[in-house]
Protein chains: 2
Amino acid sequence: MTERSYHHGDLRRVIIDTTLRMLKEDGGWQFTLREVARRAGVSHAAPYKHFPDKAALLSEIALIGFERLQEALLAAQVAAPDDLLAEFTAISHAYLTFGQNNPALYRLMFGGAIADTAKLHLEPRALGASRVVIDFLERGQAAGLVRKRPVQGQATACWAQLHGLTMLQLDGLLMPEKVGENAVEAALAALREGLVG
Amino acid sequence: MTERSYHHGDLRRVIIDTTLRMLKEDGGWQFTLREVARRAGVSHAAPYKHFPDKAALLSEIALIGFERLQEALLAAQVAAPDDLLAEFTAISHAYLTFGQNNPALYRLMFGGAIADTAKLHLEPRALGASRVVIDFLERGQAAGLVRKRPVQGQATACWAQLHGLTMLQLDGLLMPEKVGENAVEAALAALREGLVG
DNA sequence: AACTTATGTAGACATTGTCAACTTCAGGGC
DNA sequence: GCCCTGAAGTTGACAATGTCTACATAAGTT
C-alpha cells in the first residue's frame, strides 16, 4: 500500500497502464519511455527491467489494443438484434467507434511505428478481432444472405473497408462539408451491396 | 559545377531529393534531419534555412507523394482500354502498386507521423489524387454503369477500400497462405459489385 | 543467517531536433 | 570599382531521448 518500497511490486502493469493512459491523451503522438517512467514515479531505466526496449513495450500495447478491439466487436455482435444485416451494421460501427475513441492506440496498431508489423498482426492475440468478421461472413453465407465467394476475400474486403474508413476518419477527412452528410453510411452501404447477393 | 562553393545553390531541391531517396531505402522508417544533411554534404543546421523544422520538410515530402500518386493514377487511366470496368481495375491496381513501391512514403502520407494530417490532405496539391476517382465515378454514373448514389459516398468507399488494402499489403497481411491466393482481386470485386448496379 | 536473483537507481554515452552567433558570398546602389 | 545588406551555410551549444553499465536494495531459498 505504501507504494514507496524500493521494489515497486508490479511495475510492469503500472507501466502498461500509464502508457495506455498517455496514448488516450493523444497529444499528437508523442510518447517517450522516460515520460512513462516519470509518471510511474520510477527512474528512467526501470522500464528496461520489464521490456527489452521501447519497441517491445509498444508491441505489447498494440496487442492489448487488438484484444480490446476484439472485445468491442464481440460486444456489439452480442448486443445486436437477431438479424444478420443489423449485426453487420453493428459490427461496422463498433469498429469505427473503437478507432475514433482510441486514435493513438489505433495508429500504433496499424501505423508502422512498430518495426515488424507483420509478425505482430499474426500473433494469436491479434487474430481474434478478424475472427469476428470471418465468423459473421460464414454465418451469412450459410444463411444465404452473403454471396457464395471465398470468405477470405470477403473478409479482406471488409477489413480493408473498415480500416480505410477508420483512417480517413482519424485524419479528419470525413467532415460532412467535405464529403457529404453521411458518407460513412454510404460507404458501408456500398460494401454491403457488394457482399449480399 | 564545382559543387564546392560555400553557397550550395539549390540545396532545397537536393534536400528533398535526398529525403525521397532515403524513404525509398525504407530501412524501417528511420529518418533524421541530420542524416539528410550528411548525405547532402552540408552541415547539420543547413536544412533550417529552407524548412522551418522537420515537420515542414516531411509535409512537403508528403505533398510530393500525393502528386506522384495522382500521376500514377492518371497514367493508368489514360493507358487503360476504353472500357469503364477495365479502367476501374487499372486505377485500383495503380493505387496498390504505388503503395507497394513506396511503402515509407505512403506511410508518411497517411500514417499520422505528420502533426496535422487533416490540413495536409485538404491542400489542393493533395486533392488531385482523389479527383481522379471522383471523375471516374461521375463518368460511370453518366454511362449508367455505376449506381446512382451520392458520388461522395461512393468515392469514400473506393478510397477507404484502396487505402485499406494498401495498408494490409504494406503490413504483410495479404500473403496468399494467410488470406487466399487472390484476396486482393476478391476484395476489389466486392467493391465493384457494390458500385455497379 | 548467507546467497542468489529479480528489481530498482544513478550516471554515462551517442544521437537527435533546434537555436543563436558567426562567416561567406552574391547583387544592387553609389 | 566599392560597400553593404541580406540570404545561405557553418560551428557550437542545449535539452531530451534511448540504451548501456555499474551499483544498491529487497525478497526468497536454502
# chains A, B, ... in the order shown; residues from 1 in each chain; ligands from 1
$ interface_residues --of "chain C" --to "chain A" --cutoff "12 Å" --atoms "only C-alpha atoms (C1' of nucleotides)" --output "NGL selection string"
:C and (6-11)
$ residues_around --residues "region 13-29 of chain C" --least-positions-apart "3" --cutoff "10 Å" --atoms "only C-alpha atoms (C1' of nucleotides)" --output "list in words"
Ser5, Tyr6, His7, Thr32, Leu33, Arg34, Ala45, Tyr48, Pro52, Asp53 and Lys54 of chain B; DC3, DC4, DT5, DG6, DA7, DA8, DG9, DT10, DT11, DG12, DA13, DC14, DA15, DA16, DT17, DG18, DT19 and DC20 of chain D
$ select_by_dssp --residues "region 31-196 of chain A" --states "helix (DSSP H, G or I)" --output "count of residues only"
126
$ atom_distance --atom1 "CA of Ile91 (chain A)" --atom2 "CA of Val78 (chain A)"
9.6 Å
$ interface_residues --of "chain A" --to "chain B" --cutoff "7 Å" --atoms "only C-alpha atoms" --output "JSON, numbers by chain"
{"A": [28, 111, 115, 117, 118, 152, 153, 154, 156, 157, 160, 161, 163, 164, 165, 171, 172, 173, 179, 180, 183, 184, 186, 187, 190, 191, 193, 194, 195]}
$ residues_around --residues "Ala79 (chain B)" --least-positions-apart "6" --cutoff "10 Å" --atoms "only C-alpha atoms (C1' of nucleotides)" --output "list in words"
Leu73, Glu87, Ala90 and Ile91 of chain B
$ write_last_selection --atoms "C-alpha atoms" --output "compact mmCIF listing (two decimals), in the first residue's frame"
# COMPACT_ATOMS: atom_id res chain seq x y z
CA LEU B 73 -3.49 7.06 -61.26
CA GLU B 87 -10.46 1.46 -66.22
CA ALA B 90 -6.46 -0.25 -63.85
CA ILE B 91 -6.84 2.63 -61.41
$ atom_distance --atom1 "CA of Asn102 (chain B)" --atom2 "CA of Asp83 (chain B)"
28.3 Å
$ closest_residue --among "A:Leu84, A:Met175, A:Ala55, A:Leu127" --to "chain D" --atoms "only C-alpha atoms (C1' of nucleotides)"
A:Ala55
$ atom_distance --atom1 "CA of Ala62 (chain A)" --atom2 "CA of Arg125 (chain A)"
10.0 Å
$ decode --residues "chain C" --atoms "C-alpha atoms (C1' of nucleotides)" --output "mmCIF file, in the first residue's frame"
data_model
loop_
_atom_site.group_PDB
_atom_site.id
_atom_site.type_symbol
_atom_site.label_atom_id
_atom_site.label_comp_id
_atom_site.auth_asym_id
_atom_site.auth_seq_id
_atom_site.Cartn_x
_atom_site.Cartn_y
_atom_site.Cartn_z
ATOM 1 C "C1'" DA C 1 21.824 -16.247 8.503
ATOM 2 C "C1'" DA C 2 24.035 -16.193 3.930
ATOM 3 C "C1'" DC C 3 23.454 -16.395 -1.039
ATOM 4 C "C1'" DT C 4 21.223 -15.628 -5.204
ATOM 5 C "C1'" DT C 5 18.454 -13.267 -8.082
ATOM 6 C "C1'" DA C 6 14.895 -10.082 -9.521
ATOM 7 C "C1'" DT C 7 14.059 -5.340 -9.440
ATOM 8 C "C1'" DG C 8 15.188 -0.633 -8.925
ATOM 9 C "C1'" DT C 9 18.632 3.661 -9.140
ATOM 10 C "C1'" DA C 10 22.434 6.668 -10.791
ATOM 11 C "C1'" DG C 11 25.261 8.016 -14.151
ATOM 12 C "C1'" DA C 12 27.189 7.960 -18.627
ATOM 13 C "C1'" DC C 13 27.169 7.995 -23.902
ATOM 14 C "C1'" DA C 14 25.894 8.838 -28.572
ATOM 15 C "C1'" DT C 15 22.273 10.864 -31.202
ATOM 16 C "C1'" DT C 16 18.673 13.954 -32.259
ATOM 17 C "C1'" DG C 17 15.909 18.485 -33.100
ATOM 18 C "C1'" DT C 18 16.558 23.132 -32.618
ATOM 19 C "C1'" DC C 19 18.525 27.682 -31.606
ATOM 20 C "C1'" DA C 20 21.964 31.529 -31.578
ATOM 21 C "C1'" DA C 21 26.175 33.595 -33.168
ATOM 22 C "C1'" DC C 22 29.409 33.778 -36.671
ATOM 23 C "C1'" DT C 23 31.080 33.512 -41.820
ATOM 24 C "C1'" DT C 24 30.814 33.737 -46.627
ATOM 25 C "C1'" DC C 25 29.364 35.483 -50.783
ATOM 26 C "C1'" DA C 26 26.231 37.422 -54.475
ATOM 27 C "C1'" DG C 27 23.943 41.513 -56.212
ATOM 28 C "C1'" DG C 28 22.402 46.300 -56.332
ATOM 29 C "C1'" DG C 29 23.140 51.388 -55.406
ATOM 30 C "C1'" DC C 30 26.716 54.743 -55.311
#
